[in-house]
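Okay, coords23.cif now, which holds mmCIF, C-alpha atoms:
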data_run
loop_
_atom_site.label_atom_id
_atom_site.label_comp_id
_atom_site.auth_asym_id
_atom_site.auth_seq_id
_atom_site.Cartn_x
_atom_site.Cartn_y
_atom_site.Cartn_z
CA MET J 1 0.00 0.00 0.00
CA LEU J 2 2.71 2.42 1.05
CA HIS J 3 4.65 1.39 -2.01
CA PHE J 4 1.68 2.25 -4.23
CA ILE J 5 1.29 5.69 -2.65
CA GLN J 6 4.99 6.34 -3.05
CA GLN J 7 4.80 5.41 -6.70
CA LEU J 8 1.85 7.73 -7.22
CA GLY J 9 3.75 10.56 -5.58
CA SER J 10 6.87 9.95 -7.57
CA SER J 11 5.05 9.80 -10.90
CA THR J 12 3.17 13.02 -10.05
CA ARG J 13 6.47 14.69 -9.23
CA THR J 14 8.20 13.55 -12.39
CA GLY J 15 5.14 14.59 -14.39
CA PHE J 16 5.21 18.09 -12.99
CA ALA J 17 8.97 18.29 -13.38
CA LYS J 18 8.61 17.37 -17.05
CA LEU J 19 5.88 19.97 -17.51
CA GLY J 20 8.15 22.56 -15.94
CA ARG J 21 11.08 21.60 -18.17
CA ALA J 22 8.78 21.72 -21.20
CA THR J 23 7.56 25.22 -20.31
CA TYR J 24 11.09 26.47 -19.72
CA PHE J 25 12.13 24.86 -23.00
CA LEU J 26 9.28 26.61 -24.83
CA GLY J 27 10.32 29.98 -23.43
CA HIS J 28 13.91 29.36 -24.47
CA THR J 29 12.78 28.31 -27.95
CA LEU J 30 10.67 31.43 -28.38
CA THR J 31 13.61 33.70 -27.56
CA GLY J 32 15.38 32.05 -30.51
CA ILE J 33 13.27 34.19 -32.85
CA VAL J 34 16.13 36.68 -32.72
CA ASP J 35 18.55 34.10 -34.14
CA VAL J 36 15.99 33.00 -36.73
CA ALA J 37 15.54 36.60 -37.84
CA LYS J 38 19.33 36.94 -38.19
CA ARG J 39 19.66 33.71 -40.17
CA PRO J 40 16.53 33.20 -42.30
CA ARG J 41 18.39 30.48 -44.20
CA LEU J 42 18.02 28.16 -41.17
CA LEU J 43 14.25 28.68 -41.21
CA LEU J 44 14.11 28.10 -44.96
CA ASN J 45 15.93 24.75 -44.66
CA GLN J 46 13.48 23.65 -42.01
CA LEU J 47 10.45 24.86 -43.96
CA HIS J 48 11.68 22.52 -46.66
CA SER J 49 12.04 19.46 -44.46
CA VAL J 50 8.96 20.15 -42.31
CA GLY J 51 6.61 21.73 -44.83
CA VAL J 52 7.52 20.75 -48.37
CA LEU J 53 8.15 17.09 -47.60
CA THR J 54 4.79 16.86 -45.77
CA PHE J 55 3.02 18.49 -48.71
CA LEU J 56 2.49 15.29 -50.70
CA ILE J 57 0.95 13.17 -47.93
CA ILE J 58 -1.34 16.08 -46.98
CA THR J 59 -2.66 16.71 -50.47
CA ILE J 60 -3.17 13.03 -51.29
CA SER J 61 -4.94 12.36 -47.99
CA GLY J 62 -7.02 15.51 -48.46
CA LEU J 63 -8.10 14.41 -51.91
CA PHE J 64 -9.23 10.99 -50.71
CA VAL J 65 -10.93 12.30 -47.57
CA GLY J 66 -12.87 14.78 -49.71
CA MET J 67 -13.84 12.08 -52.21
CA VAL J 68 -15.05 9.75 -49.46
CA LEU J 69 -17.03 12.60 -47.89
CA GLY J 70 -18.61 13.30 -51.27
CA LEU J 71 -19.60 9.68 -51.73
CA GLN J 72 -20.90 9.05 -48.21
CA GLY J 73 -22.61 12.42 -48.00
CA TYR J 74 -24.36 11.84 -51.32
CA ASN J 75 -25.70 8.46 -50.21
CA ILE J 76 -27.24 9.90 -47.06
CA LEU J 77 -28.40 13.23 -48.51
CA SER J 78 -30.07 11.56 -51.49
CA ASP J 79 -32.34 9.72 -49.01
CA PHE J 80 -33.75 13.13 -48.09
CA GLY J 81 -33.73 14.41 -51.64
CA SER J 82 -31.30 17.19 -50.76
CA GLU J 83 -28.23 16.31 -52.78
CA GLU J 84 -27.66 20.02 -53.37
CA ALA J 85 -26.50 20.31 -49.76
CA LEU J 86 -23.48 18.12 -50.57
CA GLY J 87 -21.22 21.16 -51.02
CA ILE J 88 -21.95 22.65 -47.64
CA MET J 89 -21.64 19.25 -45.96
CA VAL J 90 -18.22 18.51 -47.47
CA ALA J 91 -16.91 22.05 -46.97
CA ALA J 92 -18.17 22.52 -43.41
CA SER J 93 -16.79 19.21 -42.16
CA LEU J 94 -13.44 19.84 -43.86
CA VAL J 95 -12.97 23.48 -42.89
CA ARG J 96 -14.21 23.16 -39.32
CA GLU J 97 -12.89 19.77 -38.21
CA LEU J 98 -11.21 17.38 -40.60
CA GLY J 99 -8.85 19.90 -42.18
CA PRO J 100 -7.12 21.04 -38.99
CA VAL J 101 -7.37 17.71 -37.10
CA VAL J 102 -6.36 15.21 -39.78
CA THR J 103 -3.60 17.52 -40.99
CA ALA J 104 -2.26 17.82 -37.45
CA LEU J 105 -2.36 14.04 -36.93
CA LEU J 106 -0.57 13.41 -40.23
CA PHE J 107 1.85 16.21 -39.44
CA ALA J 108 2.67 14.63 -36.07
CA GLY J 109 3.25 11.27 -37.77
CA ARG J 110 5.26 12.57 -40.72
CA ALA J 111 7.14 15.64 -39.47
CA GLY J 112 6.86 15.42 -35.67
CA SER J 113 8.38 11.95 -35.39
CA ALA J 114 11.19 12.96 -37.76
CA LEU J 115 11.95 16.04 -35.65
CA THR J 116 12.07 13.99 -32.44
CA ALA J 117 14.32 11.36 -33.97
CA GLU J 118 16.64 14.01 -35.40
CA ILE J 119 16.99 15.99 -32.18
CA GLY J 120 17.23 12.80 -30.10
CA LEU J 121 20.01 11.46 -32.28
CA MET J 122 21.82 14.81 -32.14
CA LYS J 123 21.66 14.57 -28.38
CA ALA J 124 22.77 10.92 -28.31
CA THR J 125 25.77 11.66 -30.52
CA GLU J 126 26.58 14.70 -28.35
CA GLN J 127 26.23 17.19 -31.17
CA LEU J 128 24.17 19.44 -28.93
CA SER J 129 26.80 19.35 -26.20
CA GLY J 130 29.43 20.00 -28.86
CA MET J 131 27.66 23.18 -29.91
CA GLU J 132 27.45 24.26 -26.30
CA MET J 133 31.22 23.78 -26.01
CA MET J 134 31.62 26.19 -28.92
CA ALA J 135 29.43 28.72 -27.11
CA VAL J 136 26.60 28.27 -29.63
CA ASP J 137 23.22 27.98 -27.98
CA PRO J 138 21.82 24.69 -29.40
CA VAL J 139 18.23 25.57 -28.53
CA ASN J 140 18.31 28.87 -30.39
CA ARG J 141 20.35 27.50 -33.27
CA ILE J 142 18.81 24.04 -33.80
CA ILE J 143 15.42 23.97 -32.09
CA SER J 144 14.01 27.45 -32.79
CA PRO J 145 14.15 27.31 -36.61
CA ARG J 146 12.41 23.93 -36.51
CA PHE J 147 9.77 25.26 -34.14
CA PHE J 148 8.92 28.29 -36.24
CA ALA J 149 8.96 26.21 -39.42
CA GLY J 150 6.38 23.84 -37.95
CA PHE J 151 4.34 26.71 -36.57
CA LEU J 152 4.22 28.41 -39.99
CA SER J 153 3.66 25.24 -42.02
CA MET J 154 0.63 23.91 -40.17
CA PRO J 155 -1.96 26.54 -41.18
CA LEU J 156 -0.77 26.39 -44.79
CA LEU J 157 -0.95 22.59 -44.83
CA ALA J 158 -4.41 22.59 -43.22
CA ALA J 159 -5.69 25.10 -45.77
CA LEU J 160 -4.28 22.96 -48.57
CA PHE J 161 -5.93 19.88 -47.09
CA SER J 162 -9.32 21.60 -46.97
CA MET J 163 -8.98 23.01 -50.46
CA VAL J 164 -7.96 19.70 -52.04
CA GLY J 165 -10.70 17.94 -50.07
CA ILE J 166 -13.40 20.29 -51.32
CA LEU J 167 -12.15 19.81 -54.88
CA GLY J 168 -12.14 16.02 -54.29
CA GLY J 169 -15.74 16.20 -53.10
CA HIS J 170 -16.52 18.19 -56.22
CA ILE J 171 -14.93 15.53 -58.45
CA VAL J 172 -17.04 12.76 -56.92
CA GLY J 173 -20.23 14.72 -56.25
CA VAL J 174 -20.47 16.82 -59.40
CA GLY J 175 -18.32 14.79 -61.77
CA LEU J 176 -19.47 11.26 -61.01
CA LEU J 177 -22.76 11.45 -59.13
CA GLY J 178 -24.33 14.36 -60.98
CA VAL J 179 -24.93 16.95 -58.27
CA ASP J 180 -25.49 20.36 -59.84
CA ASP J 181 -22.25 22.33 -60.09
CA GLY J 182 -23.88 25.66 -59.24
CA SER J 183 -25.67 24.46 -56.13
CA TYR J 184 -22.51 22.70 -54.89
CA TRP J 185 -20.71 26.05 -54.68
CA SER J 186 -23.62 28.37 -53.91
CA GLN J 187 -24.89 26.32 -50.94
CA MET J 188 -21.34 26.35 -49.62
CA GLN J 189 -20.94 30.10 -50.02
CA ALA J 190 -24.34 30.90 -48.59
CA ASN J 191 -23.87 28.85 -45.45
CA LEU J 192 -20.19 29.13 -44.57
CA ASP J 193 -19.17 32.29 -42.79
CA PHE J 194 -15.73 33.77 -43.33
CA TYR J 195 -15.14 34.57 -39.67
CA ASP J 196 -17.05 31.76 -37.96
CA ASP J 197 -15.79 28.95 -40.16
CA ILE J 198 -12.64 29.81 -42.08
CA VAL J 199 -10.89 31.95 -39.47
CA ASN J 200 -11.78 29.56 -36.66
CA GLY J 201 -10.43 26.66 -38.69
CA VAL J 202 -7.18 28.53 -39.25
CA ILE J 203 -6.94 29.38 -35.54
CA LYS J 204 -7.36 25.69 -34.75
CA SER J 205 -4.56 24.70 -37.11
CA ILE J 206 -2.25 27.38 -35.66
CA VAL J 207 -2.85 26.01 -32.15
CA PHE J 208 -2.27 22.43 -33.32
CA GLY J 209 0.91 23.41 -35.15
CA PHE J 210 2.23 25.12 -32.04
CA VAL J 211 1.46 22.18 -29.75
CA THR J 212 2.57 19.39 -32.10
CA THR J 213 5.91 21.00 -32.90
CA TRP J 214 6.50 21.85 -29.25
CA ILE J 215 5.82 18.26 -28.15
CA ALA J 216 8.01 16.80 -30.93
CA LEU J 217 10.98 19.06 -30.21
CA PHE J 218 10.73 18.73 -26.45
CA GLU J 219 10.50 14.93 -26.55
CA GLY J 220 13.61 14.84 -28.71
CA TYR J 221 15.48 17.30 -26.51
CA ASP J 222 14.41 15.54 -23.32
CA SER J 223 15.01 11.99 -24.58
CA VAL J 224 17.35 9.52 -22.92
CA PRO J 225 20.41 9.67 -25.20
CA THR J 226 20.45 6.01 -26.19
CA ALA J 227 19.05 4.13 -29.17
CA GLU J 228 16.16 2.87 -27.04
CA GLY J 229 15.57 6.29 -25.50
CA VAL J 230 15.25 7.94 -28.91
CA SER J 231 12.87 5.26 -30.13
CA ARG J 232 10.70 5.70 -27.03
CA ALA J 233 10.74 9.48 -27.42
CA THR J 234 9.56 9.14 -31.02
CA THR J 235 6.67 6.94 -29.94
CA ARG J 236 5.76 9.36 -27.16
CA THR J 237 5.72 12.22 -29.66
CA VAL J 238 3.12 10.57 -31.85
CA VAL J 239 0.98 9.37 -28.94
CA ASN J 240 1.10 12.60 -26.95
CA SER J 241 0.52 14.74 -30.03
CA ALA J 242 -2.56 12.71 -30.93
CA PHE J 243 -3.94 13.10 -27.39
CA ALA J 244 -3.17 16.81 -27.33
CA ILE J 245 -4.69 17.44 -30.77
CA LEU J 246 -7.92 15.57 -30.10
CA GLY J 247 -8.33 16.99 -26.60
CA LEU J 248 -7.62 20.55 -27.67
CA ASP J 249 -9.92 20.11 -30.65
CA PHE J 250 -12.82 19.39 -28.34
CA ILE J 251 -12.03 22.39 -26.16
CA LEU J 252 -11.60 24.72 -29.13
CA THR J 253 -14.77 23.45 -30.80
CA ALA J 254 -16.73 23.97 -27.60
CA MET J 255 -15.39 27.52 -27.36
CA MET J 256 -15.92 28.40 -31.05
CA PHE J 257 -19.05 26.59 -32.16
CA GLY J 258 -20.76 25.35 -29.01
CA ASP J 259 -22.83 27.33 -26.56
CA ILE J 260 -21.12 25.82 -23.53
CA MET L 1 23.81 23.38 -48.82
CA GLN L 2 24.18 22.01 -52.31
CA HIS L 3 20.65 22.14 -53.60
CA THR L 4 19.94 25.57 -52.23
CA ARG L 5 18.25 26.86 -55.34
CA THR L 6 15.91 23.85 -55.77
CA GLN L 7 15.13 24.08 -52.08
CA ASP L 8 14.31 27.78 -52.37
CA THR L 9 12.01 27.07 -55.30
CA LEU L 10 10.23 24.26 -53.48
CA VAL L 11 9.73 26.29 -50.31
CA GLY L 12 8.50 29.20 -52.41
CA LEU L 13 6.03 26.95 -54.23
CA PHE L 14 4.87 25.46 -50.94
CA VAL L 15 4.21 28.83 -49.32
CA ALA L 16 2.53 30.12 -52.48
CA ALA L 17 0.30 27.03 -52.65
CA GLY L 18 -0.63 27.49 -48.99
CA ILE L 19 -1.56 31.12 -49.51
CA VAL L 20 -3.56 30.24 -52.62
CA ALA L 21 -5.43 27.67 -50.54
CA LEU L 22 -6.22 30.26 -47.87
CA PHE L 23 -7.52 32.65 -50.53
CA PHE L 24 -9.53 29.87 -52.11
CA LEU L 25 -11.16 29.11 -48.77
CA SER L 26 -11.96 32.75 -48.10
CA LEU L 27 -13.22 33.67 -51.55
CA GLN L 28 -14.65 30.57 -53.14
CA VAL L 29 -15.82 28.57 -50.14
CA SER L 30 -17.07 31.23 -47.78
CA ASN L 31 -18.67 34.42 -48.87
CA ILE L 32 -16.12 36.97 -47.76
CA ARG L 33 -18.46 39.84 -48.61
CA SER L 34 -20.69 38.81 -45.73
CA PHE L 35 -17.71 39.41 -43.45
CA MET L 36 -17.17 42.93 -44.70
CA PRO L 37 -19.19 45.09 -42.36
CA ALA L 38 -21.36 46.75 -44.99
CA ASP L 39 -23.34 49.84 -44.00
CA THR L 40 -26.69 48.75 -42.66
CA TYR L 41 -29.76 50.23 -41.06
CA VAL L 42 -32.09 48.48 -38.64
CA ILE L 43 -35.82 48.00 -38.96
CA THR L 44 -38.08 45.96 -36.70
CA ALA L 45 -41.15 43.85 -37.23
CA ARG L 46 -43.46 42.21 -34.70
CA PHE L 47 -44.78 38.72 -35.23
CA SER L 48 -47.20 36.75 -33.09
CA ASN L 49 -44.95 33.76 -33.79
CA SER L 50 -41.53 33.92 -35.40
CA GLY L 51 -41.25 30.12 -35.70
CA GLY L 52 -37.80 28.77 -36.45
CA LEU L 53 -36.36 32.14 -37.44
CA LYS L 54 -32.82 32.65 -36.14
CA VAL L 55 -30.30 35.45 -35.87
CA LYS L 56 -28.52 35.67 -39.27
CA SER L 57 -31.51 34.28 -41.17
CA PRO L 58 -31.79 36.03 -44.54
CA VAL L 59 -34.16 38.90 -45.27
CA SER L 60 -35.13 39.12 -48.91
CA VAL L 61 -37.23 41.10 -51.34
CA ALA L 62 -38.47 39.24 -54.42
CA GLY L 63 -35.97 36.46 -53.68
CA VAL L 64 -32.91 38.71 -53.45
CA ARG L 65 -31.17 38.85 -50.09
CA ILE L 66 -30.95 42.43 -48.85
CA GLY L 67 -30.05 41.88 -45.21
CA ARG L 68 -30.05 39.57 -42.23
CA VAL L 69 -31.94 39.14 -38.99
CA SER L 70 -29.77 40.75 -36.32
CA ASN L 71 -31.75 40.18 -33.13
CA ILE L 72 -34.88 38.39 -31.91
CA TYR L 73 -36.48 39.00 -28.54
CA ILE L 74 -39.87 38.88 -26.91
CA ASP L 75 -41.93 41.92 -25.95
CA LYS L 76 -42.69 41.41 -22.27
CA GLU L 77 -46.08 43.12 -22.39
CA THR L 78 -47.65 41.98 -25.64
CA TYR L 79 -45.86 38.60 -25.82
CA GLU L 80 -45.01 39.28 -29.42
CA SER L 81 -41.75 38.29 -31.02
CA VAL L 82 -39.78 41.39 -32.02
CA VAL L 83 -37.40 40.76 -34.93
CA GLU L 84 -34.67 43.29 -35.73
CA MET L 85 -33.30 43.20 -39.26
CA SER L 86 -30.12 44.82 -40.58
CA ILE L 87 -30.78 45.94 -44.13
CA GLU L 88 -27.92 47.03 -46.38
CA SER L 89 -27.91 50.80 -46.81
CA LYS L 90 -28.03 50.66 -50.58
CA TYR L 91 -31.56 49.26 -50.31
CA ASP L 92 -32.98 52.37 -48.65
CA THR L 93 -36.18 52.66 -50.66
CA LEU L 94 -38.45 50.27 -48.77
CA PRO L 95 -41.91 51.91 -48.50
CA ASP L 96 -43.23 52.25 -44.93
CA ASP L 97 -46.26 50.10 -45.75
CA THR L 98 -44.04 47.14 -46.62
CA SER L 99 -45.30 43.84 -45.23
CA ALA L 100 -43.13 41.09 -43.76
CA THR L 101 -43.84 37.37 -43.99
CA ILE L 102 -41.90 34.43 -42.62
CA TYR L 103 -41.44 31.76 -45.25
CA THR L 104 -39.65 28.44 -45.32
CA ALA L 105 -37.14 27.72 -48.06
CA GLY L 106 -38.24 24.33 -49.35
CA LEU L 107 -40.24 21.91 -47.24
CA LEU L 108 -37.60 21.39 -44.56
CA GLY L 109 -35.30 24.32 -45.30
CA GLU L 110 -34.42 27.26 -43.11
CA GLN L 111 -36.87 30.07 -42.49
CA TYR L 112 -36.40 33.57 -43.85
CA ILE L 113 -38.24 36.86 -43.93
CA ASN L 114 -39.75 38.01 -47.19
CA LEU L 115 -40.56 41.71 -47.51
CA ASP L 116 -43.34 42.77 -49.83
CA PRO L 117 -42.93 46.45 -50.72
CA GLY L 118 -46.12 48.50 -50.62
CA GLY L 119 -47.04 51.62 -52.56
CA SER L 120 -46.24 54.42 -50.13
CA PHE L 121 -43.77 57.15 -51.06
CA ASP L 122 -42.43 57.45 -47.51
CA TYR L 123 -39.49 55.15 -46.95
CA LEU L 124 -38.52 53.14 -43.87
CA LYS L 125 -35.63 54.74 -41.99
CA ASN L 126 -33.23 53.47 -39.35
CA GLY L 127 -35.31 52.24 -36.39
CA GLY L 128 -38.42 52.06 -38.56
CA ARG L 129 -41.12 49.53 -37.89
CA ILE L 130 -43.01 47.23 -40.27
CA GLU L 131 -46.67 47.20 -39.27
CA ILE L 132 -48.09 44.48 -41.51
CA THR L 133 -46.70 41.07 -40.67
CA GLN L 134 -47.67 37.48 -41.16
CA SER L 135 -46.36 34.85 -38.79
CA ALA L 136 -44.47 31.70 -39.54
CA ILE L 137 -46.54 28.73 -40.55
CA VAL L 138 -46.18 26.06 -37.91
CA LEU L 139 -46.69 22.70 -39.56
CA GLU L 140 -48.37 21.12 -36.52
CA GLU L 141 -50.96 23.90 -36.41
CA VAL L 142 -51.83 23.46 -40.07
CA ILE L 143 -52.12 19.69 -39.73
CA GLY L 144 -54.21 20.12 -36.55
CA ARG L 145 -56.60 22.49 -38.31
CA PHE L 146 -56.87 20.17 -41.28
CA LEU L 147 -57.68 17.17 -39.08
CA PHE L 148 -60.24 19.25 -37.19
CA GLN L 149 -62.00 20.20 -40.44
CA LYS L 150 -62.03 16.58 -41.58
CA ALA L 151 -63.57 15.53 -38.30
CA GLU L 152 -66.32 18.15 -38.66
CA GLU L 153 -67.22 16.85 -42.10
#
For this file, write the structure as structure tokens.
Amino acid sequence: MLHFIQQLGSSTRTGFAKLGRATYFLGHTLTGIVDVAKRPRLLLNQLHSVGVLTFLIITISGLFVGMVLGLQGYNILSDFGSEEALGIMVAASLVRELGPVVTALLFAGRAGSALTAEIGLMKATEQLSGMEMMAVDPVNRIISPRFFAGFLSMPLLAALFSMVGILGGHIVGVGLLGVDDGSYWSQMQANLDFYDDIVNGVIKSIVFGFVTTWIALFEGYDSVPTAEGVSRATTRTVVNSAFAILGLDFILTAMMFGDI
Amino acid sequence: MQHTRTQDTLVGLFVAAGIVALFFLSLQVSNIRSFMPADTYVITARFSNSGGLKVKSPVSVAGVRIGRVSNIYIDKETYESVVEMSIESKYDTLPDDTSATIYTAGLLGEQYINLDPGGSFDYLKNGGRIEITQSAIVLEEVIGRFLFQKAEE
């Protein structure tokens, strides 16, 4: 019994200690904006590896998600004789929920895990300590550009996902199933609000980008510098990011769209 | 960095594609004009029952949307539903004997206010009030009345 209580206490303490380290780490990373502004080339390199290389998986997934939405939505809406509402159904679900959330989950799997593995390996091979020996701040030099690259890429990727998805829904709905082209777009435009839907979706993706990149970089930086430690850190990145994204999504949705 | 130039191009394309997507969402998917705070003036109408009318429901004349419902509340003394409508300023020639009716778009669609302009030469101004109104049709009421008539026969 006493043993159990001790374990509970110790895991609470380590949990809080980790949270504290993560917060301190975030503050340190944010100060690196000065270094990033001095060396935009570092940010550009990271935008390539974080953003451009994630581009393909995002657009292909977006296309298929939109096509599936078009197909499923048509089957249900045609029962009620309101196939014209297909556009608003596809666009609203993509812009409000699926765009930001699925993009963030894919981003965590594709870019987040890569970031953790990279930073973890740098730590294990003592590259970070080496930089410190040369009086170069590794957080500002290595972590910050990656953080801002992820932070900037997420909203762009989520917008691309939604756009490709809506076009995918159009291909299936209008091209294959024969929904009227005009009502597909006009229903969408009449019912989606720029502020309520588009801006809130972008805000969501900015929050997810911030959190996912933060978790990925911190797990890498905080990993045990062994092969096993890096592999565990990578797993934790994906799992924790998924929890954080889905939990935050509920909170943000309740704040933006719900009357709670 | 060896492939700096290719990398620059790819990053540039990526950022451009992202911005295009954001513009696409704002212009093609949502109606950005509804976000622009156009000049409006407010008129009110009183209904004995405003049915499923909601804030932001459209207000139209002859099928063209000229404004939106901005507020709905109940008059504490007469128990009437007071509906405030924001009408775009460019449509400032609504006669003061205009009548307002609540219609439903399609059988199950959303409800909207239709304004029927009268013949007066005095126009409704900001804060003006529409006197002639017809309430929303509540389907249960209509069915109830129909059944009642059938039973009488």
Carefully work through the PyMOL selection byres ((chain L and resi 139) around 12) for this structure and note down the residues it includes, as a list in words.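 Matching residues under the PyMOL selection byres ((chain L and resi 139) around 12) are Gly51, Gly52, Tyr103, Thr104, Leu107, Leu108, Ala136, Ile137, Val138, Glu140, Glu141, Val142, Ile143, Gly144, Arg145 and Phe146 of chain L.
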Would you mind exporting the chosen residues as a short mmCIF file (atom, residue, chain, number, x, y, z; two decimals), in the coordinates of the input, restricted to C-alpha atoms?
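Once written, result-v5.cif looks like this:
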data_model
loop_
_atom_site.label_atom_id
_atom_site.label_comp_id
_atom_site.auth_asym_id
_atom_site.auth_seq_id
_atom_site.Cartn_x
_atom_site.Cartn_y
_atom_site.Cartn_z
CA GLY L 51 -41.25 30.12 -35.70
CA GLY L 52 -37.80 28.77 -36.45
CA TYR L 103 -41.44 31.76 -45.25
CA THR L 104 -39.65 28.44 -45.32
CA LEU L 107 -40.24 21.91 -47.24
CA LEU L 108 -37.60 21.39 -44.56
CA ALA L 136 -44.47 31.70 -39.54
CA ILE L 137 -46.54 28.73 -40.55
CA VAL L 138 -46.18 26.06 -37.91
CA GLU L 140 -48.37 21.12 -36.52
CA GLU L 141 -50.96 23.90 -36.41
CA VAL L 142 -51.83 23.46 -40.07
CA ILE L 143 -52.12 19.69 -39.73
CA GLY L 144 -54.21 20.12 -36.55
CA ARG L 145 -56.60 22.49 -38.31
CA PHE L 146 -56.87 20.17 -41.28
#
J:Leu192, J:Ala114, J:Val95, J:Val224: which is nearest chain L, counting all atoms listed in the file?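 Among the listed residues, J:Leu192 lies closest to chain L.
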Chain J contacts to chain L at 10 Å (all atoms listed in the file) as a PyMOL selection string: chain J and resi 41+44-49+51-53+55+80+82+87-88+91-92+95+152-164+166+185-199+202
Closest of J:Ile206, J:Leu246, J:Leu128, J:Met1 to Ala149 of chain J - atom-to-atom distances counting all atoms listed in the file: J:Ile206
Can you turn the PyMOL selection byres ((chain J and resi 27) around 12) into a concrete residue list for this file, as a PyMOL selection string? chain J and resi 20-26+28-33+139-140+143-144+147+214+218
Residue IDs satisfying the PyMOL selection byres ((chain J and resi 74) around 9), as a PyMOL selection string: chain J and resi 69-73+75-79+82-83+85-86+173+177+179
Interatomic distance (Å, one decimal) between atom CA of Ser50 of chain L and atom CA of Ala100 of chain L: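 One can read the atom CA of Ser50 of chain L to atom CA of Ala100 of chain L distance as 11.1 Å.
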Within 6 Å of segment 226-243 of chain J using only C-alpha atoms, minus same-chain residues under 3 positions, as a list in words: Ala108, Gly109, Ser113, Thr116, Gly120, Ala124, Thr212, Ala216, Glu219, Ser223, Leu246 and Gly247 of chain J
What gap, in Å, lies between atom CA of Val136 of chain J and atom CA of Val50 of chain J? 23.2 Å
